[in-house]
Structures are given as structure tokens and as C-alpha cells.
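Asks: What follows is model.txt, compact mmCIF, C-alpha atoms and all ligand atoms.
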```
# COMPACT_ATOMS: atom_id res chain seq x y z
CA MET A 1 0.00 0.00 0.00
CA ALA A 2 1.41 3.38 -0.99
CA GLU A 3 2.27 5.78 1.82
CA GLY A 4 2.30 9.55 2.06
CA VAL A 5 0.15 12.14 0.36
CA VAL A 6 -0.54 13.19 -3.21
CA ARG A 7 -1.27 16.82 -4.06
CA THR A 8 -4.44 17.12 -6.18
CA VAL A 9 -6.00 20.31 -7.53
CA LEU A 10 -8.55 20.13 -4.69
CA GLY A 11 -5.97 19.52 -1.95
CA ASP A 12 -3.78 16.77 -0.48
CA VAL A 13 -5.14 13.24 -0.28
CA PRO A 14 -3.62 9.99 1.02
CA ALA A 15 -1.71 8.26 -1.80
CA ALA A 16 -3.56 5.07 -0.94
CA SER A 17 -6.90 6.74 -1.79
CA LEU A 18 -6.19 7.48 -5.48
CA GLY A 19 -7.39 4.18 -6.90
CA MET A 20 -7.07 3.51 -10.62
CA THR A 21 -4.84 6.28 -12.04
CA LEU A 22 -3.90 7.40 -15.55
CA ILE A 23 -0.42 8.88 -15.16
CA HIS A 24 -0.07 10.91 -18.39
CA GLU A 25 -3.13 12.63 -19.86
CA HIS A 26 -4.28 16.12 -20.79
CA LEU A 27 -7.59 17.66 -19.71
CA HIS A 28 -7.04 21.19 -20.96
CA MET A 29 -4.27 22.12 -23.40
CA ASP A 30 -3.58 24.28 -26.44
CA CYS A 31 -0.86 22.85 -28.70
CA SER A 32 -1.82 24.88 -31.77
CA THR A 33 1.58 26.63 -31.71
CA LEU A 34 3.24 23.21 -32.14
CA ALA A 35 1.59 22.01 -35.37
CA ALA A 36 4.50 23.20 -37.51
CA ALA A 37 7.10 21.69 -35.15
CA HIS A 38 5.17 18.42 -35.38
CA GLY A 39 5.46 18.48 -39.15
CA TYR A 40 1.83 19.32 -39.94
CA VAL A 41 0.43 21.98 -42.23
CA PRO A 42 -2.94 23.33 -41.07
CA ASP A 43 -5.61 24.06 -43.66
CA PRO A 44 -5.75 27.88 -43.95
CA ASP A 45 -9.54 27.77 -44.38
CA PRO A 46 -10.56 24.82 -42.21
CA GLY A 47 -14.25 25.45 -41.55
CA GLU A 48 -16.01 23.81 -38.61
CA PHE A 49 -14.35 21.00 -36.67
CA ASP A 50 -16.87 18.23 -37.38
CA LEU A 51 -16.64 14.44 -37.76
CA ALA A 52 -15.29 14.74 -41.32
CA ALA A 53 -12.53 17.06 -40.09
CA ALA A 54 -11.81 14.65 -37.22
CA THR A 55 -11.48 11.76 -39.68
CA GLU A 56 -8.93 13.67 -41.75
CA CYS A 57 -7.10 14.62 -38.54
CA ARG A 58 -6.47 10.95 -37.76
CA TRP A 59 -4.15 10.85 -40.77
CA ASN A 60 -2.89 14.39 -40.29
CA PRO A 61 -3.61 15.67 -36.75
CA GLY A 62 -2.58 19.20 -37.72
CA ALA A 63 -4.94 19.43 -40.70
CA HIS A 64 -7.42 21.44 -38.63
CA PRO A 65 -6.04 23.92 -36.06
CA ASP A 66 -8.93 23.25 -33.65
CA ASN A 67 -7.76 19.66 -33.21
CA TYR A 68 -4.81 20.99 -31.21
CA ARG A 69 -7.07 23.35 -29.26
CA PHE A 70 -7.99 20.84 -26.59
CA THR A 71 -9.82 23.35 -24.44
CA GLN A 72 -13.51 22.36 -24.56
CA HIS A 73 -15.03 21.62 -21.16
CA ASP A 74 -18.07 19.47 -21.99
CA PRO A 75 -16.63 16.66 -24.17
CA VAL A 76 -13.69 16.28 -21.77
CA LEU A 77 -16.03 16.13 -18.77
CA ASP A 78 -18.20 13.51 -20.50
CA ASP A 79 -15.18 11.27 -21.04
CA LEU A 80 -13.88 11.81 -17.49
CA VAL A 81 -17.27 10.75 -16.12
CA ASP A 82 -17.18 7.69 -18.39
CA TYR A 83 -13.72 6.80 -17.01
CA ARG A 84 -14.93 7.24 -13.41
CA GLU A 85 -18.03 5.10 -14.02
CA LEU A 86 -15.78 2.32 -15.34
CA GLY A 87 -13.76 2.41 -12.10
CA GLY A 88 -11.31 5.28 -12.60
CA GLY A 89 -10.18 7.14 -9.49
CA ALA A 90 -7.50 9.64 -10.53
CA ILE A 91 -5.93 11.24 -13.58
CA VAL A 92 -2.80 13.33 -14.12
CA ASP A 93 -2.90 16.41 -16.36
CA ALA A 94 0.70 16.57 -17.62
CA THR A 95 0.23 19.94 -19.34
CA PRO A 96 3.11 22.40 -18.76
CA PHE A 97 2.77 26.20 -18.47
CA ASP A 98 3.59 26.88 -22.12
CA LEU A 99 0.82 24.62 -23.47
CA ASP A 100 -1.86 26.72 -21.74
CA ARG A 101 -2.06 24.83 -18.46
CA ASN A 102 -5.27 25.96 -16.74
CA PRO A 103 -5.59 25.34 -12.96
CA ALA A 104 -9.16 26.66 -12.68
CA ALA A 105 -10.36 24.44 -15.55
CA LEU A 106 -8.75 21.40 -13.90
CA ALA A 107 -10.33 22.14 -10.51
CA ARG A 108 -13.76 22.47 -12.13
CA LEU A 109 -13.30 19.20 -14.07
CA SER A 110 -12.24 17.46 -10.85
CA ARG A 111 -15.27 18.73 -8.90
CA GLU A 112 -17.73 17.88 -11.67
CA SER A 113 -16.28 14.46 -12.55
CA GLY A 114 -15.59 13.27 -9.00
CA LEU A 115 -12.04 12.27 -10.01
CA HIS A 116 -8.81 13.17 -8.25
CA VAL A 117 -6.87 15.37 -10.68
CA VAL A 118 -3.13 16.02 -10.32
CA MET A 119 -1.72 19.07 -12.10
CA GLY A 120 1.73 19.36 -13.68
CA SER A 121 4.19 22.28 -13.69
CA GLY A 122 7.18 23.42 -15.75
CA TYR A 123 8.05 23.93 -19.41
CA TYR A 124 7.85 22.00 -22.67
CA LEU A 125 9.97 22.07 -25.84
CA GLU A 126 12.16 25.00 -26.81
CA ALA A 127 9.66 25.75 -29.61
CA THR A 128 7.13 26.76 -26.94
CA HIS A 129 9.23 27.64 -23.86
CA ARG A 130 11.34 30.24 -25.67
CA ALA A 131 8.55 32.82 -25.25
CA PHE A 132 8.78 32.36 -21.45
CA LEU A 133 12.44 31.64 -20.68
CA PRO A 134 15.56 33.76 -21.31
CA ALA A 135 18.10 31.96 -23.53
CA GLY A 136 21.04 30.85 -21.41
CA ASP A 137 19.21 31.27 -18.08
CA GLU A 138 16.64 28.50 -18.56
CA GLU A 139 17.86 26.50 -15.58
CA SER A 140 17.38 29.14 -12.90
CA ALA A 141 14.24 30.58 -14.53
CA THR A 142 12.65 27.11 -14.63
CA TYR A 143 13.64 26.39 -11.04
CA ASP A 144 12.22 29.73 -9.85
CA ALA A 145 8.95 29.35 -11.78
CA ILE A 146 8.27 25.81 -10.51
CA VAL A 147 9.13 26.64 -6.90
CA ALA A 148 6.88 29.73 -7.07
CA ASP A 149 4.08 27.61 -8.55
CA HIS A 150 4.58 25.08 -5.74
CA VAL A 151 4.70 27.64 -2.94
CA LEU A 152 2.16 30.21 -4.11
CA GLY A 153 -0.14 28.12 -6.28
CA SER A 154 -2.80 29.70 -8.43
CA ASP A 155 -6.02 30.63 -6.61
CA GLY A 156 -5.24 27.95 -4.05
CA ILE A 157 -4.48 25.28 -6.65
CA HIS A 158 -1.01 23.71 -6.40
CA PRO A 159 0.85 21.33 -8.73
CA GLY A 160 1.32 17.71 -7.65
CA MET A 161 3.97 16.89 -10.26
CA ILE A 162 6.67 18.56 -12.34
CA GLY A 163 6.15 17.88 -16.03
CA GLU A 164 5.77 16.95 -18.64
CA ILE A 165 9.15 18.62 -19.17
CA GLY A 166 9.86 18.74 -22.93
CA THR A 167 12.90 17.43 -24.79
CA SER A 168 13.36 17.28 -28.58
CA ASP A 169 15.31 14.84 -30.78
CA PRO A 170 18.07 15.58 -30.06
CA PRO A 171 17.45 17.68 -26.92
CA THR A 172 18.57 21.30 -27.31
CA GLU A 173 20.99 22.82 -24.81
CA GLY A 174 18.15 25.07 -23.60
CA GLU A 175 15.91 22.02 -23.01
CA LEU A 176 18.65 20.27 -21.03
CA ARG A 177 18.95 23.41 -18.88
CA VAL A 178 15.17 23.23 -18.30
CA VAL A 179 15.57 19.57 -17.30
CA ARG A 180 18.26 20.52 -14.77
CA GLY A 181 16.13 23.35 -13.35
CA ALA A 182 13.13 21.01 -13.07
CA ALA A 183 15.24 18.31 -11.38
CA ARG A 184 16.60 20.84 -8.85
CA ALA A 185 13.02 21.99 -8.20
CA SER A 186 12.01 18.34 -7.66
CA LEU A 187 14.81 17.95 -5.11
CA ASP A 188 13.73 21.05 -3.17
CA THR A 189 9.93 20.70 -3.38
CA GLY A 190 9.54 16.92 -3.17
CA LEU A 191 7.33 16.94 -6.28
CA PRO A 192 7.87 13.99 -8.65
CA LEU A 193 9.40 14.66 -12.08
CA SER A 194 7.92 13.46 -15.40
CA ILE A 195 9.90 14.03 -18.61
CA HIS A 196 8.71 13.96 -22.23
CA LEU A 197 11.14 12.16 -24.54
CA HIS A 198 10.67 12.66 -28.27
CA PRO A 199 8.71 9.49 -29.16
CA TRP A 200 10.83 8.72 -32.22
CA GLY A 201 14.21 9.58 -30.66
CA ASP A 202 16.61 7.67 -28.43
CA ASN A 203 17.72 10.34 -25.97
CA ALA A 204 17.00 8.85 -22.55
CA ASP A 205 20.69 8.55 -21.61
CA ARG A 206 21.40 12.19 -22.40
CA VAL A 207 18.35 13.42 -20.48
CA LEU A 208 19.02 11.18 -17.48
CA SER A 209 22.62 12.36 -17.25
CA ALA A 210 21.32 15.96 -17.03
CA VAL A 211 19.06 14.84 -14.16
CA ASP A 212 21.93 12.97 -12.51
CA GLU A 213 24.11 16.12 -12.51
CA THR A 214 21.66 17.75 -10.10
CA GLY A 215 21.80 14.95 -7.52
CA LEU A 216 18.15 13.92 -7.99
CA GLY A 217 17.93 10.13 -7.90
CA ILE A 218 16.83 8.90 -11.33
CA GLU A 219 14.75 6.16 -9.72
CA THR A 220 12.29 8.96 -8.77
CA VAL A 221 11.92 10.05 -12.42
CA LEU A 222 9.28 8.96 -14.94
CA LEU A 223 10.27 8.92 -18.64
CA ASN A 224 7.31 9.33 -21.00
CA HIS A 225 6.25 7.95 -24.38
CA MET A 226 8.12 4.63 -24.17
CA THR A 227 5.42 2.89 -26.25
CA THR A 228 7.43 3.72 -29.38
CA ALA A 229 10.33 1.65 -27.97
CA VAL A 230 8.13 -1.47 -27.89
CA GLY A 231 10.03 -4.15 -29.83
CA GLU A 232 13.42 -2.72 -28.78
CA ASP A 233 13.86 -5.23 -26.00
CA GLU A 234 17.45 -4.47 -25.05
CA ARG A 235 16.95 -0.71 -24.99
CA LEU A 236 13.94 -0.99 -22.69
CA ARG A 237 15.61 -3.42 -20.31
CA GLY A 238 18.83 -1.40 -20.23
CA LEU A 239 16.83 1.65 -19.18
CA LEU A 240 14.88 -0.27 -16.55
CA ARG A 241 18.14 -1.59 -15.06
CA THR A 242 19.12 2.05 -14.29
CA GLY A 243 16.14 2.15 -11.92
CA VAL A 244 14.18 4.82 -13.84
CA GLN A 245 10.39 4.49 -14.17
CA LEU A 246 8.89 4.17 -17.66
CA SER A 247 5.53 5.47 -18.85
CA PHE A 248 4.04 3.57 -21.80
CA ASP A 249 1.49 6.26 -22.49
CA LEU A 250 0.62 6.06 -26.18
CA PHE A 251 -2.10 3.43 -25.84
CA GLY A 252 -5.27 4.05 -27.84
CA PHE A 253 -3.31 6.31 -30.19
CA ASP A 254 -5.66 6.12 -33.16
CA HIS A 255 -3.95 8.88 -35.12
CA SER A 256 -0.53 9.50 -36.61
CA LEU A 257 2.20 10.69 -34.27
CA LEU A 258 4.54 13.56 -35.26
CA GLY A 259 4.35 13.06 -38.99
CA PRO A 260 1.56 11.88 -41.33
CA GLY A 261 1.40 8.09 -41.68
CA ARG A 262 3.59 7.31 -38.66
CA TRP A 263 1.86 5.33 -35.88
CA PRO A 264 3.06 3.97 -32.53
CA PRO A 265 3.04 0.18 -32.10
CA SER A 266 -0.44 -1.33 -31.70
CA ASP A 267 -2.17 -1.68 -28.34
CA ASP A 268 -1.78 -5.46 -28.58
CA GLU A 269 2.00 -5.20 -29.08
CA GLY A 270 2.25 -2.71 -26.22
CA VAL A 271 0.25 -4.90 -23.86
CA ALA A 272 2.38 -7.95 -24.74
CA THR A 273 5.51 -5.97 -23.84
CA ILE A 274 4.04 -4.80 -20.52
CA ALA A 275 3.10 -8.39 -19.67
CA ALA A 276 6.64 -9.57 -20.49
CA LEU A 277 8.26 -6.82 -18.39
CA GLN A 278 6.08 -7.76 -15.42
CA ARG A 279 7.02 -11.43 -15.77
CA GLU A 280 10.70 -10.41 -15.74
CA GLY A 281 10.28 -8.48 -12.48
CA PHE A 282 10.26 -4.93 -13.88
CA GLY A 283 6.60 -4.44 -12.90
CA PRO A 284 7.20 -1.81 -10.17
CA GLN A 285 8.82 0.54 -12.72
CA VAL A 286 6.18 0.44 -15.45
CA MET A 287 2.98 2.45 -15.97
CA MET A 288 0.41 2.72 -18.78
CA SER A 289 -1.57 5.73 -20.02
CA GLN A 290 -3.05 7.22 -23.20
CA ASP A 291 -1.76 10.80 -23.59
CA VAL A 292 -5.19 12.04 -24.73
CA GLY A 293 -4.58 15.60 -25.94
CA VAL A 294 -6.26 16.21 -29.29
CA ARG A 295 -9.98 16.41 -29.99
CA THR A 296 -10.06 13.26 -32.13
CA ARG A 297 -9.30 11.17 -29.04
CA LEU A 298 -12.61 12.18 -27.42
CA ARG A 299 -15.78 10.14 -27.89
CA GLN A 300 -17.64 13.17 -29.24
CA TYR A 301 -15.32 13.06 -32.27
CA GLY A 302 -15.20 9.28 -32.69
CA GLY A 303 -12.35 8.50 -30.27
CA TRP A 304 -12.31 6.08 -27.31
CA GLY A 305 -11.82 8.68 -24.56
CA TYR A 306 -10.14 8.15 -21.19
CA GLY A 307 -12.32 5.06 -20.60
CA HIS A 308 -10.39 3.07 -23.24
CA MET A 309 -7.90 1.80 -20.65
CA LEU A 310 -10.53 0.22 -18.42
CA ARG A 311 -13.03 -0.74 -21.11
CA HIS A 312 -10.61 -2.36 -23.57
CA LEU A 313 -7.01 -2.58 -22.36
CA VAL A 314 -7.45 -4.06 -18.90
CA PRO A 315 -9.28 -7.06 -20.45
CA LEU A 316 -6.52 -7.25 -23.09
CA LEU A 317 -3.90 -7.35 -20.32
CA GLY A 318 -5.82 -10.22 -18.79
CA ALA A 319 -5.78 -12.06 -22.11
CA HIS A 320 -1.99 -11.66 -22.12
CA GLY A 321 -1.78 -13.31 -18.69
CA VAL A 322 -1.55 -10.24 -16.44
CA THR A 323 -3.19 -11.08 -13.11
CA SER A 324 -5.47 -8.81 -11.08
CA GLU A 325 -2.47 -8.12 -8.80
CA GLY A 326 -0.49 -7.13 -11.89
CA ILE A 327 -3.28 -4.77 -13.00
CA ARG A 328 -3.34 -3.24 -9.52
CA GLN A 329 0.43 -2.74 -9.60
CA LEU A 330 0.30 -0.99 -13.00
CA PHE A 331 -2.60 1.35 -12.32
CA VAL A 332 -2.89 1.76 -8.54
CA GLU A 333 0.35 1.07 -6.68
CA ASN A 334 2.92 2.41 -9.14
CA PRO A 335 1.15 5.74 -9.81
CA ALA A 336 0.54 6.24 -6.06
CA ASN A 337 4.19 5.52 -5.25
CA PHE A 338 5.38 7.86 -8.02
CA LEU A 339 3.03 10.71 -7.09
CA ALA A 340 3.51 10.52 -3.29
CA LEU A 341 5.35 13.69 -2.28
CA ARG A 342 8.88 13.26 -1.02
CA GLN A 343 10.08 15.56 1.75
CA GLY A 344 10.36 19.10 0.49
CA VAL A 345 9.27 22.63 1.19
CA ALA A 346 5.56 22.74 2.08
CA PRO A 347 3.49 25.09 -0.07
CA SER A 348 2.37 28.21 1.71
CA THR A 349 -1.31 28.83 2.25
CA SER A 350 -0.66 32.16 3.90
CA PRO A 351 -2.52 35.01 2.18
CA THR A 352 0.55 37.20 2.65
CA HIS A 353 2.33 35.05 0.07
CA ARG A 354 -0.33 35.42 -2.62
ZN ZN B 401 4.69 14.40 -24.20
```
Output the file's structure as C-alpha cells, nothing else.
Ligand SMILES: [Zn+2]
Replies:
Amino acid sequence: MAEGVVRTVLGDVPAASLGMTLIHEHLHMDCSTLAAAHGYVPDPDPGEFDLAAATECRWNPGAHPDNYRFTQHDPVLDDLVDYRELGGGAIVDATPFDLDRNPAALARLSRESGLHVVMGSGYYLEATHRAFLPAGDEESATYDAIVADHVLGSDGIHPGMIGEIGTSDPPTEGELRVVRGAARASLDTGLPLSIHLHPWGDNADRVLSAVDETGLGIETVLLNHMTTAVGEDERLRGLLRTGVQLSFDLFGFDHSLLGPGRWPPSDDEGVATIAALQREGFGPQVMMSQDVGVRTRLRQYGGWGYGHMLRHLVPLLGAHGVTSEGIRQLFVENPANFLALRQGVAPSTSPTHR
């Protein structure tokens, strides 16, 4: 049973009370500034975002700019309620500042859905963080911004995680400075650190050595988007032997990923890999999620929503031999252990600090 507390947007709760948790999702995000960096060309005259537009966006997610404007309350709430009704207990919004993180929207979604929601903090890729961070001083600016977010919060809403922190392929020097600033902030606040790796790159060693330079233990860190390494058995096991935690969070990805026509491995291949890693004893370091963050992933636009994990993938895990204890480890114990706050500076609730 996980110990300690987890910081949700509605306050601290015992880690053991989270229940089924999706460790890397988005509930409110605007990535429209990233379409070009993702290799997509938006239609200059796109019209309404309807089902036909959503269909085209499965091949080319940037074809309609609204697909990347993941800021609608009602369809997200509907899918959160669906996830809760299937047995979901908690969900992590991994949206950083520079992708329009919205604390008030997350608190409202948490109240209305009945789910525990954990909010992220920090900065994404250089393509989006450059507008916020001075070139050369990214490390101290990132550290200061995350610690201020932790201490002061936003209308009483505090982050429960740092991340997703963005790194490109290869990581830029500025991004590695952001990683170091985020790792130092993790050391001093006790917030866990979640890092985005470019899904088609192989940069984990470089990113982890930047973390290691700060003194933060890499066994506390979660590396994201490992689904694209499914099939690279030695690479995955080499990483796991370092002690780092891996997030296989591209399940249910029914659209191309960073380039038209390029898809992550199938859900069945991903589940088979998770089952194998558990059999080999790596279970405590592995988590699964869906990284829902464009409109086409929502049921209103023909997607499977956040409920996909419980409705479809948990049974698929069972078919691959994962036991109910294994399911509990993946979705309850590991997320609770990762999110439980380590000792750090407590956030202030004093009005004089607001
Ligand atoms: Zn990411």
C-alpha cells in the first residue's frame, strides 16, 4: 500500500486513496503553436471542426487547427465521467505552463467528474518555452517558476507533479537546462518529475545524465512515451536496469504521431511488452496511459476517450496473462508511489504570500 500524500487540484489526499490512475493525460491544453514543429500543415480555411474534419485529422492531426485546441469543457467532462463510471479514481494532467495549463479548468473538471486530478508544472519544448524563458538562463528561470508555482499556487491550486518537461530529438541545450532546473526543483519541493522524450528519438541517456548532474535520484523520475520503444527489447531493459520508471502512455493512439502516416506500435503489441516486463520483475517501474490531448481522441469526435484503458485494455492485459495483482500494480500502486510527495518545502497557504 502506498504511503504519504498526493497533491491534487482540490488539496492533499492519502496516496492510498487514489485508486485507478492514468499517469499521463491532458484535460485542458492548447498545442496549436506546435503544429509546424510536429510536421503538420494546417488548412488555412478549415471550416467547422466536425466528424469529417476529425477523420482527416487521424491521418494528419494538424490538418485542422482546432484539433490541437484541446480546451472544450463538456466533451472532456463527458469522457472523465465515463472513465470514473468504469472504475477510474484519478488522472494526471501533464500539461506544462507553455501549453496553456489551466488550474481553474482542472479544478472544475475534478469537482464535476468526481475524479482526483493532479496538475503538472514546468516547461515544454524550446519551440514553446522560448517565449517564457531567457536563452542561457533557462535552468534558474525554470527552477524559480516551478518553486513559485509550488509555494504560491494559483487561486489555491497547487501542482502535484513537475512535467511533462519537454525534450526534442536531439534535446537542445536550452531544453537540457530546463531539465536541470526542473530536477533541482524536484529535489527542493519533493514533487515527482515526469519528462517527455521525443517518441521517435533515443535520448534517454542524455536526459538522465542531465538529471543525474543535479543529484536527484533517477529512480524517482518517470520517462514518457516509451510505447514507441516497444520491440526494442534491449533498450527498454537497459533503461529499466538504471532504476528509472517508464511510462508507456501512447495506448489508444488512433492517429498519426509527429508526422503523417507514422503510428506507434499497436495496443496489442504494447500490452504484450508490458506483460513480459512484469514477468521479468520490472513491474514496479512500469505504468500505462493514453496521452489524450487532441480532440479526435474524445468520444464526441469518434475517439475512445479516457475510458479506453478500463473498457478495452485491462481485459486485453488479462488475455496476455496479467493477473489482477499485476493490474493493480500498473494502475494503482505504481502511480501512487510515483506521485507521493517526497520531503520538500511545504506550499504556503498564507494570504501574505499570494
Ligand atoms: Zn509528451
Asks: Taking all atoms listed in the file into account, which residues are within 10 Å of ligand ZN 401 (chain B), as a PDB file with C-alpha atoms, in the frame of the given file?
Replies:
```
ATOM      1  CA  HIS A  24      -0.070  10.910 -18.390  1.00  0.00           C
ATOM      2  CA  GLU A  25      -3.130  12.630 -19.860  1.00  0.00           C
ATOM      3  CA  HIS A  26      -4.280  16.120 -20.790  1.00  0.00           C
ATOM      4  CA  ALA A  94       0.700  16.570 -17.620  1.00  0.00           C
ATOM      5  CA  THR A  95       0.230  19.940 -19.340  1.00  0.00           C
ATOM      6  CA  PRO A  96       3.110  22.400 -18.760  1.00  0.00           C
ATOM      7  CA  TYR A 124       7.850  22.000 -22.670  1.00  0.00           C
ATOM      8  CA  LEU A 125       9.970  22.070 -25.840  1.00  0.00           C
ATOM      9  CA  GLY A 163       6.150  17.880 -16.030  1.00  0.00           C
ATOM     10  CA  GLU A 164       5.770  16.950 -18.640  1.00  0.00           C
ATOM     11  CA  ILE A 165       9.150  18.620 -19.170  1.00  0.00           C
ATOM     12  CA  GLY A 166       9.860  18.740 -22.930  1.00  0.00           C
ATOM     13  CA  THR A 167      12.900  17.430 -24.790  1.00  0.00           C
ATOM     14  CA  SER A 194       7.920  13.460 -15.400  1.00  0.00           C
ATOM     15  CA  ILE A 195       9.900  14.030 -18.610  1.00  0.00           C
ATOM     16  CA  HIS A 196       8.710  13.960 -22.230  1.00  0.00           C
ATOM     17  CA  LEU A 197      11.140  12.160 -24.540  1.00  0.00           C
ATOM     18  CA  HIS A 198      10.670  12.660 -28.270  1.00  0.00           C
ATOM     19  CA  PRO A 199       8.710   9.490 -29.160  1.00  0.00           C
ATOM     20  CA  LEU A 223      10.270   8.920 -18.640  1.00  0.00           C
ATOM     21  CA  ASN A 224       7.310   9.330 -21.000  1.00  0.00           C
ATOM     22  CA  HIS A 225       6.250   7.950 -24.380  1.00  0.00           C
ATOM     23  CA  ASP A 249       1.490   6.260 -22.490  1.00  0.00           C
ATOM     24  CA  LEU A 250       0.620   6.060 -26.180  1.00  0.00           C
ATOM     25  CA  ASP A 291      -1.760  10.800 -23.590  1.00  0.00           C
ATOM     26  CA  GLY A 293      -4.580  15.600 -25.940  1.00  0.00           C
TER      27      GLY A 293
END
```
Asks: Contacts of A:Phe338 at 7 Å or less, counting only C-alpha atoms, minus same-chain residues fewer than 3 places along, as a PyMOL selection string?
Replies: chain A and resi 192+334-335
Asks: Would you work out the distance separating atom CA of A:Gly259 from atom CA of A:Gly62, expressed in Å to one decimal?
Replies: 9.3 Å
Asks: Atom CA of A:Gly190 and atom CA of A:Met1, how far apart in Å?
Replies: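 So the answer is 19.7 Å.
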Asks: Give me the residues within 9 Å of stretch 66-80 of chain A as a VMD selection string, counting only C-alpha atoms and dropping any in the same chain fewer than 5 places off.
Replies: chain A and resid 26 to 35 46 48 to 49 53 to 54 57 61 85 88 91 105 109 to 110 112 to 115 293 to 296 298 to 301 304 to 307
Asks: Go ahead and compute the interatomic distance for atom CA of A:Leu18 and atom CA of A:Phe251, in Å to one decimal.
Replies: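 Atom CA of A:Leu18 sits 21.2 Å away from atom CA of A:Phe251.
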Asks: Return the single residue from A:Leu152, A:Val322, A:Ala15, A:Leu22 that is closest to A:Tyr83, with distances computed using only C-alpha atoms.
Replies: A:Leu22
Asks: Need to verify the contact set: A:His255, 9 Å, all atoms listed in the file, exclusion of same-chain residues closer than 6 positions in sequence. Can you return it as a list in words?
Replies: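 Residues near the query, excluding close chain neighbours: Cys57, Arg58, Trp59, Asn60, Pro61, Gly261, Arg262, Trp263, Pro264, Thr296 and Arg297 of chain A.
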Asks: Fewer than 5 positions away in the same chain doesn't count, so skip those; otherwise give me all residues within 9 Å of A:Asp149, counting all atoms listed in the file, as a list of chain:residue names.
Replies: A:Ser121, A:Gly122, A:Asp144, A:Ser154, A:His158, A:Pro159, A:Pro347
Asks: Output C-alpha atoms for every residue in that selection, as a PDB file, in the frame of the given file.
Replies:
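File produced: selection_16.pdb:
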```pdb
ATOM      1  CA  SER A 121       4.190  22.280 -13.690  1.00  0.00           C
ATOM      2  CA  GLY A 122       7.180  23.420 -15.750  1.00  0.00           C
ATOM      3  CA  ASP A 144      12.220  29.730  -9.850  1.00  0.00           C
ATOM      4  CA  SER A 154      -2.800  29.700  -8.430  1.00  0.00           C
ATOM      5  CA  HIS A 158      -1.010  23.710  -6.400  1.00  0.00           C
ATOM      6  CA  PRO A 159       0.850  21.330  -8.730  1.00  0.00           C
ATOM      7  CA  PRO A 347       3.490  25.090  -0.070  1.00  0.00           C
TER       8      PRO A 347
END
```
Asks: Quick one: of A:Gly215, A:Ala185, A:Pro260, A:Gly156, who's nearest to A:Glu56, counting all atoms listed in the file?
Replies: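 Closest residue, counting all atoms listed in the file: A:Pro260.
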Asks: Set the distance at 9 Å and use only C-alpha atoms: which residues neighbour A:Glu3 once local chain neighbours fewer than 5 positions away are removed? I'd like the list as an NGL selection string.
Replies: :A and (14-16 or 336-337 or 340)
Asks: Between A:Ala52, A:Met161, A:Ala275, A:Met20, single out the one closest to A:Leu316, counting only C-alpha atoms.
Replies: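 Once distances to A:Leu316 are computed over only C-alpha atoms, the minimum belongs to A:Ala275.
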Asks: My list of candidates is A:Asp93, A:Leu277, A:Leu86, A:Thr172. Which is closest to A:Val314 when distances are computed with all atoms listed in the file?
Replies: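 Result for the nearest residue to A:Val314: A:Leu86.
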Asks: With only C-alpha atoms as the atoms that count, which of A:Ile146, A:Ala229, A:Ala210, A:Ala319 lies nearest to A:Ala182?
Replies: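 Smallest distance to A:Ala182 is found for A:Ile146.
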Asks: So, with all atoms listed in the file as the atoms that count, which of A:Gly47, A:Ala2, A:Val41, A:Ile162 lies closest to A:Phe97?
Replies: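 Once distances to A:Phe97 are computed over all atoms listed in the file, the minimum belongs to A:Ile162.
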Asks: Please determine an axis-aligned box that encloses all atoms of stretch 152-163 of chain A listed in the file, with 6 Å added on each side, and express its centre and edge lengths in Å to one decimal as AutoDock Vina command-line options.
Replies:
```
--center_x 0.3 --center_y 23.8 --center_z -10.0 --size_x 24.7 --size_y 25.7 --size_z 24.0
```
Asks: Missing atoms in stretch 47-59 of chain A: can you complete it with N, CA and C atoms, as a PDB file, in the frame of the given file?
Replies:
```pdb
ATOM      1  N   GLY A  47     -12.829  25.653 -41.831  1.00  0.00           N
ATOM      2  CA  GLY A  47     -14.250  25.450 -41.550  1.00  0.00           C
ATOM      3  C   GLY A  47     -14.462  24.878 -40.151  1.00  0.00           C
ATOM      4  N   GLU A  48     -15.659  24.326 -39.936  1.00  0.00           N
ATOM      5  CA  GLU A  48     -16.010  23.810 -38.610  1.00  0.00           C
ATOM      6  C   GLU A  48     -15.276  22.505 -38.332  1.00  0.00           C
ATOM      7  N   PHE A  49     -14.958  22.275 -37.044  1.00  0.00           N
ATOM      8  CA  PHE A  49     -14.350  21.000 -36.670  1.00  0.00           C
ATOM      9  C   PHE A  49     -15.467  19.991 -36.444  1.00  0.00           C
ATOM     10  N   ASP A  50     -15.793  19.218 -37.479  1.00  0.00           N
ATOM     11  CA  ASP A  50     -16.870  18.230 -37.380  1.00  0.00           C
ATOM     12  C   ASP A  50     -16.278  16.826 -37.530  1.00  0.00           C
ATOM     13  N   LEU A  51     -17.133  15.821 -37.676  1.00  0.00           N
ATOM     14  CA  LEU A  51     -16.640  14.440 -37.760  1.00  0.00           C
ATOM     15  C   LEU A  51     -15.762  14.222 -38.987  1.00  0.00           C
ATOM     16  N   ALA A  52     -16.119  14.894 -40.108  1.00  0.00           N
ATOM     17  CA  ALA A  52     -15.290  14.740 -41.320  1.00  0.00           C
ATOM     18  C   ALA A  52     -13.895  15.317 -41.070  1.00  0.00           C
ATOM     19  N   ALA A  53     -13.844  16.472 -40.408  1.00  0.00           N
ATOM     20  CA  ALA A  53     -12.530  17.060 -40.090  1.00  0.00           C
ATOM     21  C   ALA A  53     -11.762  16.137 -39.142  1.00  0.00           C
ATOM     22  N   ALA A  54     -12.481  15.553 -38.168  1.00  0.00           N
ATOM     23  CA  ALA A  54     -11.810  14.650 -37.220  1.00  0.00           C
ATOM     24  C   ALA A  54     -11.240  13.433 -37.932  1.00  0.00           C
ATOM     25  N   THR A  55     -11.979  12.916 -38.917  1.00  0.00           N
ATOM     26  CA  THR A  55     -11.480  11.760 -39.680  1.00  0.00           C
ATOM     27  C   THR A  55     -10.182  12.099 -40.385  1.00  0.00           C
ATOM     28  N   GLU A  56     -10.150  13.253 -41.050  1.00  0.00           N
ATOM     29  CA  GLU A  56      -8.930  13.670 -41.750  1.00  0.00           C
ATOM     30  C   GLU A  56      -7.781  13.866 -40.748  1.00  0.00           C
ATOM     31  N   CYS A  57      -8.134  14.359 -39.556  1.00  0.00           N
ATOM     32  CA  CYS A  57      -7.100  14.620 -38.540  1.00  0.00           C
ATOM     33  C   CYS A  57      -6.502  13.341 -37.957  1.00  0.00           C
ATOM     34  N   ARG A  58      -7.111  12.182 -38.226  1.00  0.00           N
ATOM     35  CA  ARG A  58      -6.470  10.950 -37.760  1.00  0.00           C
ATOM     36  C   ARG A  58      -5.242  10.652 -38.646  1.00  0.00           C
ATOM     37  N   TRP A  59      -5.314  11.001 -39.908  1.00  0.00           N
ATOM     38  CA  TRP A  59      -4.150  10.850 -40.770  1.00  0.00           C
ATOM     39  C   TRP A  59      -3.165  11.994 -40.525  1.00  0.00           C
TER      40      TRP A  59
END
```
